[in-house]
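Data block for protein_6.cif (mmCIF, C-alpha atoms and all ligand atoms):
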data_my_file
#
loop_
_atom_site.label_atom_id
_atom_site.label_comp_id
_atom_site.auth_asym_id
_atom_site.auth_seq_id
_atom_site.Cartn_x
_atom_site.Cartn_y
_atom_site.Cartn_z
CA MET A 1073 13.21 -15.78 -9.86
CA VAL A 1074 9.47 -16.19 -9.57
CA GLY A 1075 7.49 -16.54 -6.34
CA ILE A 1076 4.23 -18.50 -6.34
CA ASP A 1077 1.48 -17.81 -3.81
CA VAL A 1078 -1.27 -20.41 -3.36
CA GLY A 1079 -4.87 -19.44 -2.63
CA ILE A 1080 -8.55 -20.07 -3.29
CA ALA A 1081 -9.42 -16.93 -5.20
CA ASN A 1082 -6.40 -17.65 -7.39
CA PHE A 1083 -4.90 -21.12 -7.23
CA LEU A 1084 -1.55 -19.60 -8.20
CA THR A 1085 -0.35 -16.00 -8.22
CA THR A 1086 3.16 -15.21 -9.44
CA SER A 1087 5.38 -12.35 -8.29
CA ASP A 1088 5.22 -10.84 -11.78
CA GLY A 1089 1.50 -10.33 -11.23
CA ARG A 1090 -0.16 -13.19 -13.10
CA HIS A 1091 -3.02 -15.35 -11.81
CA TYR A 1092 -3.79 -18.96 -12.70
CA GLY A 1093 -7.02 -20.84 -11.98
CA THR A 1094 -9.65 -20.26 -9.32
CA PHE A 1095 -11.98 -22.16 -7.02
CA ASN A 1096 -14.52 -19.33 -7.06
CA GLY A 1097 -17.29 -19.35 -9.63
CA LYS A 1098 -18.38 -22.67 -11.10
CA LEU A 1099 -16.43 -24.99 -8.78
CA ARG A 1100 -17.66 -23.11 -5.75
CA GLU A 1101 -21.27 -23.39 -6.87
CA ARG A 1102 -20.91 -27.11 -7.47
CA HIS A 1103 -19.32 -27.54 -4.05
CA LYS A 1104 -22.21 -25.70 -2.40
CA ARG A 1105 -24.83 -27.81 -4.18
CA ASP A 1106 -22.99 -30.99 -3.25
CA ARG A 1107 -22.80 -30.03 0.40
CA GLU A 1108 -26.49 -29.28 0.57
CA LYS A 1109 -27.29 -32.58 -1.07
CA ARG A 1110 -25.17 -34.47 1.43
CA ARG A 1111 -26.76 -32.62 4.31
CA ARG A 1112 -30.24 -33.57 3.10
CA LYS A 1113 -29.17 -37.19 2.73
CA ALA A 1114 -27.72 -37.25 6.25
CA LYS A 1115 -30.97 -35.87 7.64
CA LEU A 1116 -32.99 -38.49 5.85
CA ARG A 1117 -30.63 -41.18 7.10
CA LYS A 1118 -31.11 -40.12 10.71
CA CYS A 1119 -34.85 -40.05 10.27
CA LEU A 1120 -34.96 -43.55 8.83
CA GLU A 1121 -32.56 -44.81 11.47
CA LYS A 1122 -34.95 -43.65 14.19
CA LYS A 1123 -37.79 -45.50 12.52
CA GLY A 1124 -35.77 -48.69 12.75
CA VAL A 1125 -34.80 -49.15 9.11
CA PRO A 1126 -31.93 -51.66 8.93
CA LYS A 1127 -28.48 -50.20 8.30
CA GLU A 1128 -27.89 -51.79 4.92
CA LYS A 1129 -31.07 -50.19 3.58
CA LEU A 1130 -30.12 -46.64 4.62
CA PRO A 1131 -29.08 -44.23 1.86
CA SER A 1132 -25.33 -43.68 1.62
CA THR A 1133 -23.94 -40.23 2.47
CA SER A 1134 -20.95 -40.42 0.19
CA SER A 1135 -21.81 -38.83 -3.10
CA ALA A 1136 -20.57 -39.59 -6.58
CA THR A 1137 -20.85 -35.92 -7.53
CA GLY A 1138 -18.59 -35.06 -4.61
CA GLN A 1139 -15.93 -37.46 -5.85
CA ARG A 1140 -16.26 -36.05 -9.35
CA LEU A 1141 -15.89 -32.52 -8.00
CA ILE A 1142 -12.66 -33.42 -6.21
CA ARG A 1143 -11.28 -34.88 -9.43
CA HIS A 1144 -12.35 -31.81 -11.35
CA VAL A 1145 -10.66 -29.45 -8.88
CA ARG A 1146 -7.45 -31.46 -9.26
CA GLN A 1147 -7.66 -31.16 -13.02
CA GLU A 1148 -8.12 -27.41 -12.76
CA ILE A 1149 -5.11 -27.16 -10.44
CA ASN A 1150 -2.98 -29.26 -12.80
CA ARG A 1151 -3.97 -27.08 -15.72
CA ALA A 1152 -3.15 -23.89 -13.77
CA VAL A 1153 0.27 -25.18 -12.67
CA ASN A 1154 1.06 -26.36 -16.17
CA LEU A 1155 0.21 -23.01 -17.74
CA CYS A 1156 2.25 -21.21 -15.11
CA PHE A 1157 5.33 -23.28 -16.00
CA VAL A 1158 4.77 -22.80 -19.73
CA GLU A 1159 4.54 -19.03 -19.33
CA HIS A 1160 7.68 -18.85 -17.18
CA GLU A 1161 10.21 -20.77 -19.19
CA GLY A 1162 13.74 -20.51 -17.85
CA CYS A 1163 12.65 -19.19 -14.45
CA ARG A 1164 13.50 -20.41 -10.97
CA PHE A 1165 10.50 -20.88 -8.70
CA ALA A 1166 9.96 -20.29 -5.02
CA TYR A 1167 6.70 -21.68 -3.66
CA GLU A 1168 5.17 -21.88 -0.25
CA GLN A 1169 5.49 -24.77 2.09
CA LEU A 1170 1.78 -24.87 2.93
CA SER A 1171 1.63 -25.46 6.66
CA VAL A 1172 -1.45 -26.55 8.54
CA ALA A 1173 -1.20 -23.33 10.55
CA SER A 1174 -1.21 -21.06 7.52
CA MET A 1175 -3.98 -23.10 5.91
CA ARG A 1176 -6.09 -22.71 9.01
CA HIS A 1177 -5.36 -19.02 9.01
CA LYS A 1178 -6.33 -18.70 5.38
CA ALA A 1179 -9.42 -20.84 5.95
CA ARG A 1180 -11.15 -19.08 8.82
CA ALA A 1181 -14.64 -20.50 9.18
CA MET A 1182 -14.57 -22.20 5.82
CA ASN A 1183 -12.84 -25.47 6.44
CA ALA A 1184 -15.15 -27.49 4.23
CA TYR A 1185 -14.58 -25.05 1.42
CA MET A 1186 -10.88 -25.38 2.04
CA ARG A 1187 -10.90 -29.16 1.86
CA ALA A 1188 -12.94 -29.08 -1.33
CA SER A 1189 -10.60 -26.58 -2.94
CA ASN A 1190 -7.82 -29.13 -2.41
CA LEU A 1191 -5.07 -26.52 -2.09
CA GLY A 1192 -2.73 -29.11 -0.61
CA HIS A 1193 -2.53 -30.58 -4.09
CA VAL A 1194 -0.91 -27.42 -5.52
CA PRO A 1195 2.59 -27.83 -4.00
CA HIS A 1196 2.68 -31.51 -5.05
CA GLN A 1197 1.78 -30.55 -8.57
CA ILE A 1198 4.43 -27.81 -8.64
CA ALA A 1199 7.12 -30.24 -7.46
CA TRP A 1200 6.03 -32.85 -9.99
CA ASN A 1201 6.00 -30.36 -12.87
CA ALA A 1202 9.41 -28.99 -11.92
CA THR A 1203 10.95 -32.49 -11.87
CA LYS A 1204 9.34 -33.37 -15.18
CA ARG A 1205 10.68 -30.23 -16.87
CA GLY A 1206 14.04 -30.16 -15.11
CA VAL A 1207 13.25 -26.74 -13.59
CA ALA A 1208 14.37 -25.58 -10.16
CA ALA A 1209 11.47 -25.08 -7.75
CA THR A 1210 12.28 -24.53 -4.10
CA LYS A 1211 9.97 -24.66 -1.11
CA VAL A 1212 10.35 -21.60 1.11
CA LYS A 1213 8.87 -20.77 4.51
CA SER A 1214 5.45 -19.20 4.13
CA ALA A 1215 5.13 -17.83 7.67
CA TYR A 1216 3.78 -14.25 7.56
CA SER A 1217 4.27 -14.05 3.79
CA SER A 1218 0.72 -12.75 3.45
CA GLN A 1219 1.04 -10.22 6.28
CA GLU A 1220 4.54 -8.90 5.51
CA CYS A 1221 4.97 -5.73 3.46
CA SER A 1222 7.22 -6.54 0.50
CA VAL A 1223 8.69 -3.01 0.65
CA CYS A 1224 9.37 -2.26 4.33
CA HIS A 1225 8.90 -5.76 5.91
CA PHE A 1226 6.35 -4.49 8.45
CA VAL A 1227 4.23 -7.44 9.67
CA ASP A 1228 0.66 -6.93 10.79
CA ARG A 1229 -2.64 -8.70 10.22
CA LYS A 1230 -4.18 -5.26 9.70
CA ASN A 1231 -2.05 -4.85 6.57
CA ARG A 1232 -4.85 -6.87 4.99
CA PRO A 1233 -8.00 -4.74 5.12
CA ASN A 1234 -9.74 -7.48 3.12
CA GLN A 1235 -8.99 -10.78 1.41
CA GLN A 1236 -7.82 -9.18 -1.83
CA THR A 1237 -6.02 -6.06 -0.75
CA PHE A 1238 -2.67 -5.48 0.87
CA CYS A 1239 -2.11 -2.01 2.28
CA CYS A 1240 0.91 -1.44 4.53
CA ARG A 1241 0.06 0.49 7.69
CA VAL A 1242 3.54 2.02 7.84
CA CYS A 1243 4.81 2.80 4.34
CA GLY A 1244 1.45 2.75 2.56
CA HIS A 1245 2.54 0.20 -0.05
CA THR A 1246 -0.64 -1.06 -1.74
CA ALA A 1247 -0.95 -4.13 -3.94
CA HIS A 1248 -3.08 -7.16 -4.70
CA ALA A 1249 -2.65 -9.28 -1.56
CA ASP A 1250 -1.57 -12.42 -3.43
CA ILE A 1251 0.98 -10.52 -5.53
CA ASN A 1252 2.51 -8.96 -2.41
CA ALA A 1253 2.75 -12.44 -0.84
CA SER A 1254 4.33 -14.00 -3.95
CA ARG A 1255 6.95 -11.22 -4.00
CA ASN A 1256 7.84 -12.06 -0.41
CA LEU A 1257 8.16 -15.73 -1.34
CA ALA A 1258 10.41 -14.87 -4.30
CA SER A 1259 12.75 -12.87 -2.10
CA ARG A 1260 12.90 -15.73 0.42
CA LEU A 1261 14.51 -18.01 -2.15
CA ASN A 1262 18.07 -17.09 -1.19
CA ASP A 1263 17.30 -15.92 2.32
CA LYS A 1264 19.56 -17.98 4.60
CA GLU A 1265 18.67 -16.05 7.73
CA LEU A 1266 15.00 -16.75 7.28
CA ARG A 1267 15.57 -20.39 6.43
CA ALA A 1268 17.43 -20.79 9.71
CA CYS A 1269 14.39 -19.70 11.75
CA GLN A 1270 12.97 -22.52 13.87
CA ASN A 1271 9.39 -21.33 14.21
CA ARG A 1272 6.88 -18.62 13.35
CA GLN A 1273 7.92 -16.42 16.28
CA GLU A 1274 11.51 -16.33 15.06
CA VAL A 1275 10.37 -15.47 11.54
CA LYS A 1276 8.28 -12.59 12.85
CA ALA A 1277 11.13 -11.29 15.01
CA LEU A 1278 13.50 -11.37 12.03
CA LEU A 1279 11.04 -9.54 9.78
CA MET A 1280 10.43 -6.87 12.40
CA ARG A 1281 14.21 -6.39 12.81
CA ARG A 1282 14.38 -5.85 9.06
CA HIS A 1283 11.57 -3.36 9.31
CA GLU A 1284 13.55 -1.43 11.93
CA GLN A 1285 16.57 -1.43 9.58
CA TRP A 1286 14.34 -0.15 6.79
CA LYS A 1287 13.16 2.67 9.07
CA GLN A 1288 16.76 3.55 9.96
CA LYS A 1289 17.67 3.72 6.28
CA CYS A 1290 14.63 5.83 5.52
CA ARG A 1291 15.47 8.41 8.17
CA PHE A 1292 18.11 9.64 5.76
CA LEU A 1293 15.64 9.95 2.93
CA VAL A 1294 12.33 11.07 4.36
CA VAL A 1295 12.91 12.90 7.56
CA GLU A 1296 10.95 14.45 10.35
CA PRO A 1297 10.89 18.25 10.07
CA PRO A 1298 14.15 19.67 11.48
CA VAL A 1299 12.18 21.80 13.91
CA GLN A 1300 11.11 18.68 15.75
CA LEU A 1301 14.68 17.53 16.08
CA GLY A 1302 15.59 20.90 17.55
CA LEU A 1303 18.74 21.10 15.42
CA TRP A 1304 17.73 23.82 13.02
CA ALA A 1305 15.72 26.91 13.21
CA ARG A 1306 12.34 26.80 11.51
CA SER A 1307 12.85 26.54 7.77
CA GLU A 1308 10.46 25.50 5.05
CA THR A 1309 13.12 24.34 2.64
CA SER A 1310 15.53 22.39 4.80
CA THR A 1311 14.24 18.86 5.11
CA ASP A 1312 17.47 16.99 4.72
CA VAL A 1313 19.04 15.87 7.97
CA GLY A 1314 21.13 13.01 6.65
ZN ZN B 1 5.42 -1.24 4.16
#
Show me, as C-alpha cells, the structure contained in the file I just sent.
Amino acid sequence: MVGIDVGIANFLTTSDGRHYGTFNGKLRERHKRDREKRRRKAKLRKCLEKKGVPKEKLPSTSSATGQRLIRHVRQEINRAVNLCFVEHEGCRFAYEQLSVASMRHKARAMNAYMRASNLGHVPHQIAWNATKRGVAATKVKSAYSSQECSVCHFVDRKNRPNQQTFCCRVCGHTAHADINASRNLASRLNDKELRACQNRQEVKALLMRRHEQWKQKCRFLVVEPPVQLGLWARSETSTDVG
C-alpha cells in the first residue's frame, strides 16, 4: 500500500519517502516572468483605453507564453505520475481527494501560483494511469492529513512549524511534512470509520479520539513517575505502573 501526497514543492510524495516532480525552480521562474508581463500589458491597456484607443486595437492580455507554461506544467505532472507508477509496480495506491478547502489551505496568499501549478491535474492523471495499467488507486479523504501525526494521530496546525517540516507537539515525531501526510493517506485506504465521516469536523473528532486511545495505550509504556501518582514511595528505578 502506497500513499501519495500532492503538493507544489513536490508534485507527488509517496509514503515510502520518494518525491516526484516540482513546481519550484524553473517553472516557478517562468510563471513569475509571465505574470509580470501580463501585468505590464494590462497597465498599458488601461492607459490606452483612457486615451480613447478603440477596443479592437488594444493589446490582448492573454499570453501565448502563459498557455505554453500551463501545457508544460501538465507535461511535468504526467511525467512525475508516470515515474511514480513505474517505480511502484504491484502496489496499491491511496491518493488524496483534493478538496477546494484543502487547496485553499495549502495555497495561503498564493492563489495565482496555485492555479499555475495546476495541482488539480494530478489526481486526474493518477486515475488515468491506474486505469491504463490496471492498478488499484483509491481516493481517500484528505482532511487533516497534513496536520495529523502519523504516529499518535494528534491534530494541530502547529505540528507544521514550516512548509517542509512535520514535528508532533505531543509525541515529538519528526518527518518531512509531505512524507508524514502520505503515510496518513496510506493508512486511510482501509479506514471505514474515517470514510464514514460526513465533514471535516467529524474527521477531526475521530482523529482526536484515536489520539486519546494512543495516550491510554502509552500510559502503560511510558509513565508518569510513580511519586506523582502517590502509589509508591519515591524510587528511582520503579517506573512501571502498568
Ligand atoms: Zn505524535
Give me, as an MDAnalysis selection string, the set of residues whose atoms come within 10 Å of any atom of ligand ZN 1 (chain B), counting all atoms listed in the file. chainID A and resid 1220:1228 1231 1238:1246 1283 1286:1287
What are the closest atom pairs, with distances in Å to one decimal, for each residue of range 1206-1296 of chain A lying within 9 Å of range 1086-1092 of chain A, using all atoms listed in the file, rows by chain and rising residue number, as a tab-separated table?
residue	atom	partner	partner_atom	distance
A:His1248	CA	A:Gly1089	CA	8.6
A:Asp1250	CA	A:Thr1086	CA	8.1
A:Ile1251	CA	A:Ser1087	CA	5.5
A:Asn1252	CA	A:Ser1087	CA	7.4
A:Ala1253	CA	A:Ser1087	CA	7.9
A:Ser1254	CA	A:Ser1087	CA	4.8
A:Arg1255	CA	A:Ser1087	CA	4.7
A:Asn1256	CA	A:Ser1087	CA	8.3
A:Leu1257	CA	A:Ser1087	CA	8.2
A:Ala1258	CA	A:Ser1087	CA	6.9
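With all atoms listed in the file as the atoms that count, the minimum distance from Val1074 in chain A to the choices A:Thr1210, A:Gln1236, A:Gln1285, A:Gln1219 is reached by A:Thr1210.
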Do a neighbour search on range 1130-1144 of chain A at 10 Å with all atoms listed in the file, toss out local chain neighbours closer than 6 positions, and write the hits as a tab-separated table (two decimals) with C-alpha atoms, in the frame of the given file.
chain	number	residue	atom	x	y	z
A	1099	LEU	CA	-16.43	-24.99	-8.78
A	1100	ARG	CA	-17.66	-23.11	-5.75
A	1102	ARG	CA	-20.91	-27.11	-7.47
A	1103	HIS	CA	-19.32	-27.54	-4.05
A	1105	ARG	CA	-24.83	-27.81	-4.18
A	1106	ASP	CA	-22.99	-30.99	-3.25
A	1107	ARG	CA	-22.80	-30.03	0.40
A	1109	LYS	CA	-27.29	-32.58	-1.07
A	1110	ARG	CA	-25.17	-34.47	1.43
A	1111	ARG	CA	-26.76	-32.62	4.31
A	1112	ARG	CA	-30.24	-33.57	3.10
A	1113	LYS	CA	-29.17	-37.19	2.73
A	1114	ALA	CA	-27.72	-37.25	6.25
A	1115	LYS	CA	-30.97	-35.87	7.64
A	1116	LEU	CA	-32.99	-38.49	5.85
A	1117	ARG	CA	-30.63	-41.18	7.10
A	1118	LYS	CA	-31.11	-40.12	10.71
A	1119	CYS	CA	-34.85	-40.05	10.27
A	1120	LEU	CA	-34.96	-43.55	8.83
A	1121	GLU	CA	-32.56	-44.81	11.47
A	1150	ASN	CA	-2.98	-29.26	-12.80
A	1187	ARG	CA	-10.90	-29.16	1.86
A	1188	ALA	CA	-12.94	-29.08	-1.33
A	1189	SER	CA	-10.60	-26.58	-2.94
A	1190	ASN	CA	-7.82	-29.13	-2.41
Pairwise distance for CA of Glu1161 in chain A and CA of Gly1079 in chain A, rounded to one decimal in Å: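 Between CA of Glu1161 in chain A and CA of Gly1079 in chain A the gap is 22.4 Å.
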What is the distance, in Å and to one decimal place, between CA of Met1073 in chain A and CA of Arg1164 in chain A? 4.8 Å
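Between CA of Thr1237 in chain A and CA of Ala1249 in chain A there is a distance of 4.7 Å.
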Just need the box for range 1250-1254 of chain A, edges along x, y and z, holding every atom the file lists for it with 5 Å tacked onto each side, so centre and edge lengths in Å to one decimal, as lines of an AutoDock Vina configuration file.
center_x = 1.4
center_y = -11.5
center_z = -3.2
size_x = 15.9
size_y = 15.0
size_z = 14.7
Point out the residue among A:Ala1277, A:Ala1152, A:Ala1215, A:Val1078 with the least atom-to-atom distance to Gly1192 in chain A, counting only C-alpha atoms.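 The closest residue to Gly1192 in chain A is A:Val1078.
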